[in-house]
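Before any comments, here is the structure.
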Amino acid sequence: MARRYWNIHLEEMMEAGIHFGHGTRKWNPRMAPYISAKHKGIHITNLTRTARFLSEACDLVFDAASRGKQFLIVGTKNKAADLVVRAAIRARCHYVNKKWLGGMLTNWSTTEARLHKFRDLRTEQKTGRLHRLPKRDAAMLKRQLSRLQTYLGGIKYMTRVPDIVIIVDQQEEYTALRECITLGIPTICLIDTNCDPDLADISIPANDDAIASIRLILNKLVFAICEGRSSYIRNP
C-alpha cells in the first residue's frame, strides 16, 4: 500500500484540541507511548504519533475505496452523532449514530431481516398503503417504522457486513468494536488516553470529547475515501 500526503498539520490539530486527553487519574497505562506530557492534571497526546496513525488510516481507506469496498462509520454519543451523519453522506458510507444494537454485525441474518422489514414499511408508507389500514394497525406500524428509522436508517442500503469500520470513541462503541474483532473486520478507531490502543487495527490517538477534534479526524478520513472512490470510478 503506497503512502500518500494527506495535508495533516500539527498546527490545525492543536487548534482543534486533538492533543487534550483525559485527567491523569483516568487513563489506560497502555496509552503511555502516545502521551507526551501532563498539564494541569490532564494528559497531552503526542500529536506526531496522531499524525502518523491518521496518515496510515487515510492510506488504508483510500486503498479500500479505490477497490470499491464498503465502509461503516459508528459514533453514537451526542457530540459525534451529527458529525457522523455528515461524514457518511459526504463519503457515501453507511453509518450508525444512535444506539448500537447488539449483534448488528455478528448476527447479520437478524439485522438483514430487520432491514427487509424496514424497507417494506417505507414502501408501504410511500405508496399510501399505511393510510388505508385501520387506525390502530397504522399507528402501530408507524411507531415500528419510526424506531427502525432511528436505529437502522444509516444502514438501510447495506446488503452485507462492511469491509472497514470507522469508530468514534472506543469506550462508547466497545460492543461494535468487539463485534468487528470477532468477525475479523478491519477497524480504525479514535482513541483517547483512557482507551486500549491494541484493540483496533489502526488506533488514532485524539481527543474524543471535542467536536472540533472529531470533525477534523473524520474530515481527513472522508477526503481520503472520496479520493479513493474517484480513483475507482476512473479505473474500475
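Numbering starts fresh at 1 for the residues of each chain in the C-alpha cells, the chains themselves are lettered A, B, ... in the order given, and ligands are numbered from 1 as they appear.
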
Subject >> Shell of 8 Å around A:Arg229, only C-alpha atoms, local chain residues under 5 positions omitted, as a ChimeraX atom specification >> reply: /A:62,65-68

Keeping only N, CA, C and O atoms, write the selected residues to a file as a PDB file, in the first residue's frame.
ATOM      1  N   PHE A  62      -8.209   5.019   1.554  1.00  0.00           N
ATOM      2  CA  PHE A  62      -8.048   5.358   0.139  1.00  0.00           C
ATOM      3  C   PHE A  62      -7.907   4.082  -0.683  1.00  0.00           C
ATOM      4  O   PHE A  62      -8.577   3.907  -1.716  1.00  0.00           O
ATOM      5  N   ALA A  65     -11.250   2.201  -0.711  1.00  0.00           N
ATOM      6  CA  ALA A  65     -12.249   2.876  -1.544  1.00  0.00           C
ATOM      7  C   ALA A  65     -11.926   2.744  -3.025  1.00  0.00           C
ATOM      8  O   ALA A  65     -12.834   2.625  -3.857  1.00  0.00           O
ATOM      9  N   SER A  66     -10.638   2.739  -3.359  1.00  0.00           N
ATOM     10  CA  SER A  66     -10.239   2.611  -4.768  1.00  0.00           C
ATOM     11  C   SER A  66     -10.525   1.218  -5.310  1.00  0.00           C
ATOM     12  O   SER A  66     -10.478   0.992  -6.517  1.00  0.00           O
ATOM     13  N   ARG A  67     -10.822   0.272  -4.403  1.00  0.00           N
ATOM     14  CA  ARG A  67     -11.197  -1.086  -4.808  1.00  0.00           C
ATOM     15  C   ARG A  67     -12.689  -1.361  -4.578  1.00  0.00           C
ATOM     16  O   ARG A  67     -13.131  -2.504  -4.631  1.00  0.00           O
ATOM     17  N   GLY A  68     -13.451  -0.291  -4.333  1.00  0.00           N
ATOM     18  CA  GLY A  68     -14.895  -0.421  -4.216  1.00  0.00           C
ATOM     19  C   GLY A  68     -15.392  -1.019  -2.915  1.00  0.00           C
ATOM     20  O   GLY A  68     -16.507  -1.558  -2.859  1.00  0.00           O
TER      21      GLY A  68
END

Subject >> Spatial neighbours of A:Ala212, max dist 9 Å, only C-alpha atoms, sep filter under 5 positions, as number ranges by chain >> reply: A: 15-18, 217

Original post:
Can you list, as a list in words, every residue of stretch 39-151 of chain A that DSSP puts in strand (DSSP E)?
Top reply: His39, Ile42, His43, Ile44, Thr45, Phe71, Leu72, Ile73, Val74, His94, Tyr95 and Val96 of chain A

Subject >> Neighbour list for A:Thr182 as a PyMOL selection string, cut-off 9 Å, only C-alpha atoms, skip fewer than 4 positions in-chain >> reply: chain A and resi 106+177-178

Original post:
Out of A:Ala210, A:Met13, A:Asp63, A:Tyr95, which residue has the shortest atom-to-atom distance to A:Arg49 when counting only C-alpha atoms?
Top reply: A:Met13

**OP:** Pick out the residues sitting within 10 Å of A:Leu141, and hand them over as a list in words; count only C-alpha atoms, and ignore anything fewer than 6 positions along from it in its own chain.
**Re:** Leu121, Glu124, Gln125, Leu130, Leu133, Lys135 and Arg147 of chain A

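Nearest to A:Lys69 of all the residues A:Met31, A:Cys226, A:Ile202, A:Ala138 is A:Cys226, based on only C-alpha atoms.
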
**OP:** Within 12 Å of A:Glu112, counting only C-alpha atoms, which residues show up once you throw out same-chain ones fewer than 6 positions away? Write them as a ChimeraX atom specification, please.
**Re:** /A:103-106,118-119,152,155-161

For the selection just defined, write its residues with N, CA, C and O atoms to a file, as a compact mmCIF listing (two decimals), in the first residue's frame.
# COMPACT_ATOMS: atom_id res chain seq x y z
N GLY A 103 -25.29 -7.35 18.32
CA GLY A 103 -25.42 -8.36 17.28
C GLY A 103 -25.68 -7.78 15.90
O GLY A 103 -25.97 -8.53 14.97
N MET A 104 -25.56 -6.47 15.76
CA MET A 104 -25.85 -5.83 14.47
C MET A 104 -25.01 -6.43 13.35
O MET A 104 -25.48 -6.57 12.21
N LEU A 105 -23.77 -6.79 13.67
CA LEU A 105 -22.90 -7.41 12.67
C LEU A 105 -22.74 -8.91 12.90
O LEU A 105 -22.81 -9.70 11.95
N THR A 106 -22.53 -9.33 14.14
CA THR A 106 -22.29 -10.75 14.41
C THR A 106 -23.54 -11.59 14.17
O THR A 106 -23.45 -12.79 13.89
N PHE A 118 -37.90 -2.99 7.41
CA PHE A 118 -37.80 -1.54 7.32
C PHE A 118 -38.11 -1.06 5.91
O PHE A 118 -38.91 -0.13 5.70
N ARG A 119 -37.50 -1.70 4.91
CA ARG A 119 -37.73 -1.31 3.51
C ARG A 119 -39.18 -1.52 3.11
O ARG A 119 -39.76 -0.71 2.40
N LEU A 152 -31.75 2.00 12.35
CA LEU A 152 -31.22 1.35 11.14
C LEU A 152 -31.21 2.28 9.93
O LEU A 152 -30.79 1.87 8.85
N ILE A 155 -28.04 2.45 7.86
CA ILE A 155 -27.55 1.24 7.17
C ILE A 155 -28.63 0.64 6.28
O ILE A 155 -28.54 -0.54 5.91
N LYS A 156 -29.64 1.41 5.93
CA LYS A 156 -30.79 0.85 5.19
C LYS A 156 -30.41 0.31 3.82
O LYS A 156 -31.12 -0.54 3.28
N TYR A 157 -29.29 0.77 3.26
CA TYR A 157 -28.86 0.26 1.96
C TYR A 157 -27.71 -0.75 2.08
O TYR A 157 -27.13 -1.14 1.06
N MET A 158 -27.37 -1.14 3.28
CA MET A 158 -26.26 -2.08 3.48
C MET A 158 -26.74 -3.50 3.21
O MET A 158 -27.71 -3.96 3.82
N THR A 159 -26.10 -4.19 2.30
CA THR A 159 -26.54 -5.54 1.91
C THR A 159 -25.66 -6.65 2.47
O THR A 159 -25.97 -7.83 2.31
N ARG A 160 -24.56 -6.25 3.12
CA ARG A 160 -23.65 -7.23 3.74
C ARG A 160 -22.84 -6.52 4.80
O ARG A 160 -22.91 -5.29 4.92
N VAL A 161 -22.09 -7.28 5.57
CA VAL A 161 -21.26 -6.64 6.59
C VAL A 161 -20.20 -5.79 5.89
O VAL A 161 -19.75 -6.12 4.79

**OP:** May I have the residues within 10 Å of A:Asn78 as a PyMOL selection string, using only C-alpha atoms and disregarding those fewer than 5 positions away in the same chain?
**Re:** chain A and resi 83+97-98+209+211

Go ahead and save the residues from that selection, with N, CA and C atoms, as a PDB file, in the first residue's frame.
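The result, stored in selection03.pdb:
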ATOM      1  N   LEU A  83     -21.938  14.769  13.361  1.00  0.00           N
ATOM      2  CA  LEU A  83     -20.718  14.737  12.558  1.00  0.00           C
ATOM      3  C   LEU A  83     -20.620  13.431  11.779  1.00  0.00           C
ATOM      4  N   ASN A  97     -25.493   6.218  14.183  1.00  0.00           N
ATOM      5  CA  ASN A  97     -25.249   7.379  15.041  1.00  0.00           C
ATOM      6  C   ASN A  97     -26.220   7.453  16.215  1.00  0.00           C
ATOM      7  N   LYS A  98     -27.000   6.408  16.396  1.00  0.00           N
ATOM      8  CA  LYS A  98     -27.850   6.327  17.580  1.00  0.00           C
ATOM      9  C   LYS A  98     -27.356   5.143  18.407  1.00  0.00           C
ATOM     10  N   ASP A 209     -13.707  13.889  22.936  1.00  0.00           N
ATOM     11  CA  ASP A 209     -14.781  14.662  23.564  1.00  0.00           C
ATOM     12  C   ASP A 209     -15.025  16.010  22.893  1.00  0.00           C
ATOM     13  N   ILE A 211     -15.782  18.417  19.761  1.00  0.00           N
ATOM     14  CA  ILE A 211     -16.408  18.354  18.434  1.00  0.00           C
ATOM     15  C   ILE A 211     -15.401  18.685  17.337  1.00  0.00           C
TER      16      ILE A 211
END

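Pairwise distance (atom CA of A:Pro162, atom CA of A:Leu72) equals 6.1 Å.
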
Original post:
DSSP on the backbone: what in stretch 49-203 of chain A comes out helix (DSSP H, G or I), as a PyMOL selection string?
Top reply: chain A and resi 49-65+78-91+108-127+130-132+135-155+174-183

Generate the output file for the selected residues, C-alpha atoms, as an mmCIF file, in the first residue's frame.
data_model
loop_
_atom_site.group_PDB
_atom_site.id
_atom_site.type_symbol
_atom_site.label_atom_id
_atom_site.label_comp_id
_atom_site.auth_asym_id
_atom_site.auth_seq_id
_atom_site.Cartn_x
_atom_site.Cartn_y
_atom_site.Cartn_z
ATOM 1 C CA ARG A 49 2.048 9.956 16.695
ATOM 2 C CA THR A 50 -1.509 11.097 15.943
ATOM 3 C CA ALA A 51 -0.433 12.476 12.550
ATOM 4 C CA ARG A 52 1.387 9.252 11.736
ATOM 5 C CA PHE A 53 -1.551 6.959 12.509
ATOM 6 C CA LEU A 54 -4.080 9.298 10.888
ATOM 7 C CA SER A 55 -1.966 9.244 7.742
ATOM 8 C CA GLU A 56 -1.853 5.424 7.849
ATOM 9 C CA ALA A 57 -5.635 5.340 8.266
ATOM 10 C CA CYS A 58 -6.080 7.648 5.276
ATOM 11 C CA ASP A 59 -3.842 5.383 3.195
ATOM 12 C CA LEU A 60 -5.921 2.367 4.234
ATOM 13 C CA VAL A 61 -9.317 3.878 3.420
ATOM 14 C CA PHE A 62 -8.048 5.358 0.139
ATOM 15 C CA ASP A 63 -6.788 1.952 -0.943
ATOM 16 C CA ALA A 64 -10.036 0.245 0.134
ATOM 17 C CA ALA A 65 -12.249 2.876 -1.544
ATOM 18 C CA ASN A 78 -24.307 13.272 21.244
ATOM 19 C CA LYS A 79 -21.155 15.177 20.295
ATOM 20 C CA ALA A 80 -20.372 12.776 17.462
ATOM 21 C CA ALA A 81 -23.827 11.876 16.110
ATOM 22 C CA ASP A 82 -24.343 14.784 13.701
ATOM 23 C CA LEU A 83 -20.718 14.737 12.558
ATOM 24 C CA VAL A 84 -21.011 11.036 11.745
ATOM 25 C CA VAL A 85 -24.097 11.618 9.572
ATOM 26 C CA ARG A 86 -22.437 14.447 7.632
ATOM 27 C CA ALA A 87 -19.239 12.468 7.118
ATOM 28 C CA ALA A 88 -21.125 9.375 5.969
ATOM 29 C CA ILE A 89 -23.244 11.325 3.478
ATOM 30 C CA ARG A 90 -20.183 13.046 2.007
ATOM 31 C CA ALA A 91 -18.268 9.792 1.639
ATOM 32 C CA TRP A 108 -26.242 -10.321 10.476
ATOM 33 C CA SER A 109 -29.168 -12.556 9.474
ATOM 34 C CA THR A 110 -31.348 -10.881 12.134
ATOM 35 C CA THR A 111 -30.185 -7.413 11.088
ATOM 36 C CA GLU A 112 -30.905 -8.282 7.460
ATOM 37 C CA ALA A 113 -34.445 -9.380 8.368
ATOM 38 C CA ARG A 114 -34.984 -6.065 10.201
ATOM 39 C CA LEU A 115 -33.712 -4.170 7.165
ATOM 40 C CA HIS A 116 -36.122 -6.037 4.881
ATOM 41 C CA LYS A 117 -38.967 -5.148 7.253
ATOM 42 C CA PHE A 118 -37.797 -1.536 7.324
ATOM 43 C CA ARG A 119 -37.728 -1.309 3.512
ATOM 44 C CA ASP A 120 -41.170 -2.899 3.248
ATOM 45 C CA LEU A 121 -42.664 -0.428 5.722
ATOM 46 C CA ARG A 122 -41.059 2.519 3.912
ATOM 47 C CA THR A 123 -42.537 1.288 0.634
ATOM 48 C CA GLU A 124 -45.965 0.921 2.215
ATOM 49 C CA GLN A 125 -45.736 4.439 3.609
ATOM 50 C CA LYS A 126 -44.668 5.924 0.269
ATOM 51 C CA THR A 127 -47.443 4.151 -1.643
ATOM 52 C CA LEU A 130 -50.466 2.526 5.648
ATOM 53 C CA HIS A 131 -53.155 5.196 5.451
ATOM 54 C CA ARG A 132 -55.654 2.629 4.190
ATOM 55 C CA LYS A 135 -56.048 3.477 12.583
ATOM 56 C CA ARG A 136 -54.778 1.175 15.324
ATOM 57 C CA ASP A 137 -52.790 -1.002 12.906
ATOM 58 C CA ALA A 138 -51.456 2.016 11.050
ATOM 59 C CA ALA A 139 -50.322 3.682 14.285
ATOM 60 C CA MET A 140 -48.510 0.532 15.399
ATOM 61 C CA LEU A 141 -46.686 0.175 12.068
ATOM 62 C CA LYS A 142 -45.762 3.867 12.048
ATOM 63 C CA ARG A 143 -44.210 3.524 15.515
ATOM 64 C CA GLN A 144 -42.300 0.489 14.292
ATOM 65 C CA LEU A 145 -41.137 2.383 11.200
ATOM 66 C CA SER A 146 -40.002 5.323 13.339
ATOM 67 C CA ARG A 147 -37.975 3.035 15.597
ATOM 68 C CA LEU A 148 -36.362 1.256 12.641
ATOM 69 C CA GLN A 149 -35.533 4.619 11.057
ATOM 70 C CA THR A 150 -33.840 5.762 14.266
ATOM 71 C CA TYR A 151 -31.613 2.717 14.683
ATOM 72 C CA LEU A 152 -31.220 1.354 11.143
ATOM 73 C CA GLY A 153 -31.726 4.456 8.983
ATOM 74 C CA GLY A 154 -27.987 4.823 8.406
ATOM 75 C CA ILE A 155 -27.545 1.239 7.170
ATOM 76 C CA TYR A 174 -16.946 -1.073 22.666
ATOM 77 C CA THR A 175 -19.688 -3.538 21.655
ATOM 78 C CA ALA A 176 -19.353 -2.559 17.998
ATOM 79 C CA LEU A 177 -15.566 -2.898 18.218
ATOM 80 C CA ARG A 178 -15.810 -6.383 19.781
ATOM 81 C CA GLU A 179 -18.161 -7.499 17.008
ATOM 82 C CA CYS A 180 -15.684 -6.299 14.376
ATOM 83 C CA ILE A 181 -12.855 -8.157 16.123
ATOM 84 C CA THR A 182 -14.964 -11.337 16.263
ATOM 85 C CA LEU A 183 -15.691 -11.134 12.519
#

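Closest approach to A:Ile73 among A:Leu221, A:Gln171, A:Tyr5, A:Ala206: A:Leu221, based on only C-alpha atoms.
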
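Separating atom CA of A:Asn207 from atom CA of A:Ile164 is a distance of 21.8 Å.
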
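The nearest approach to A:Glu11 among the residues A:Ile166, A:Leu199, A:Leu47, A:Val222, with only C-alpha atoms taken into account, belongs to A:Leu47.
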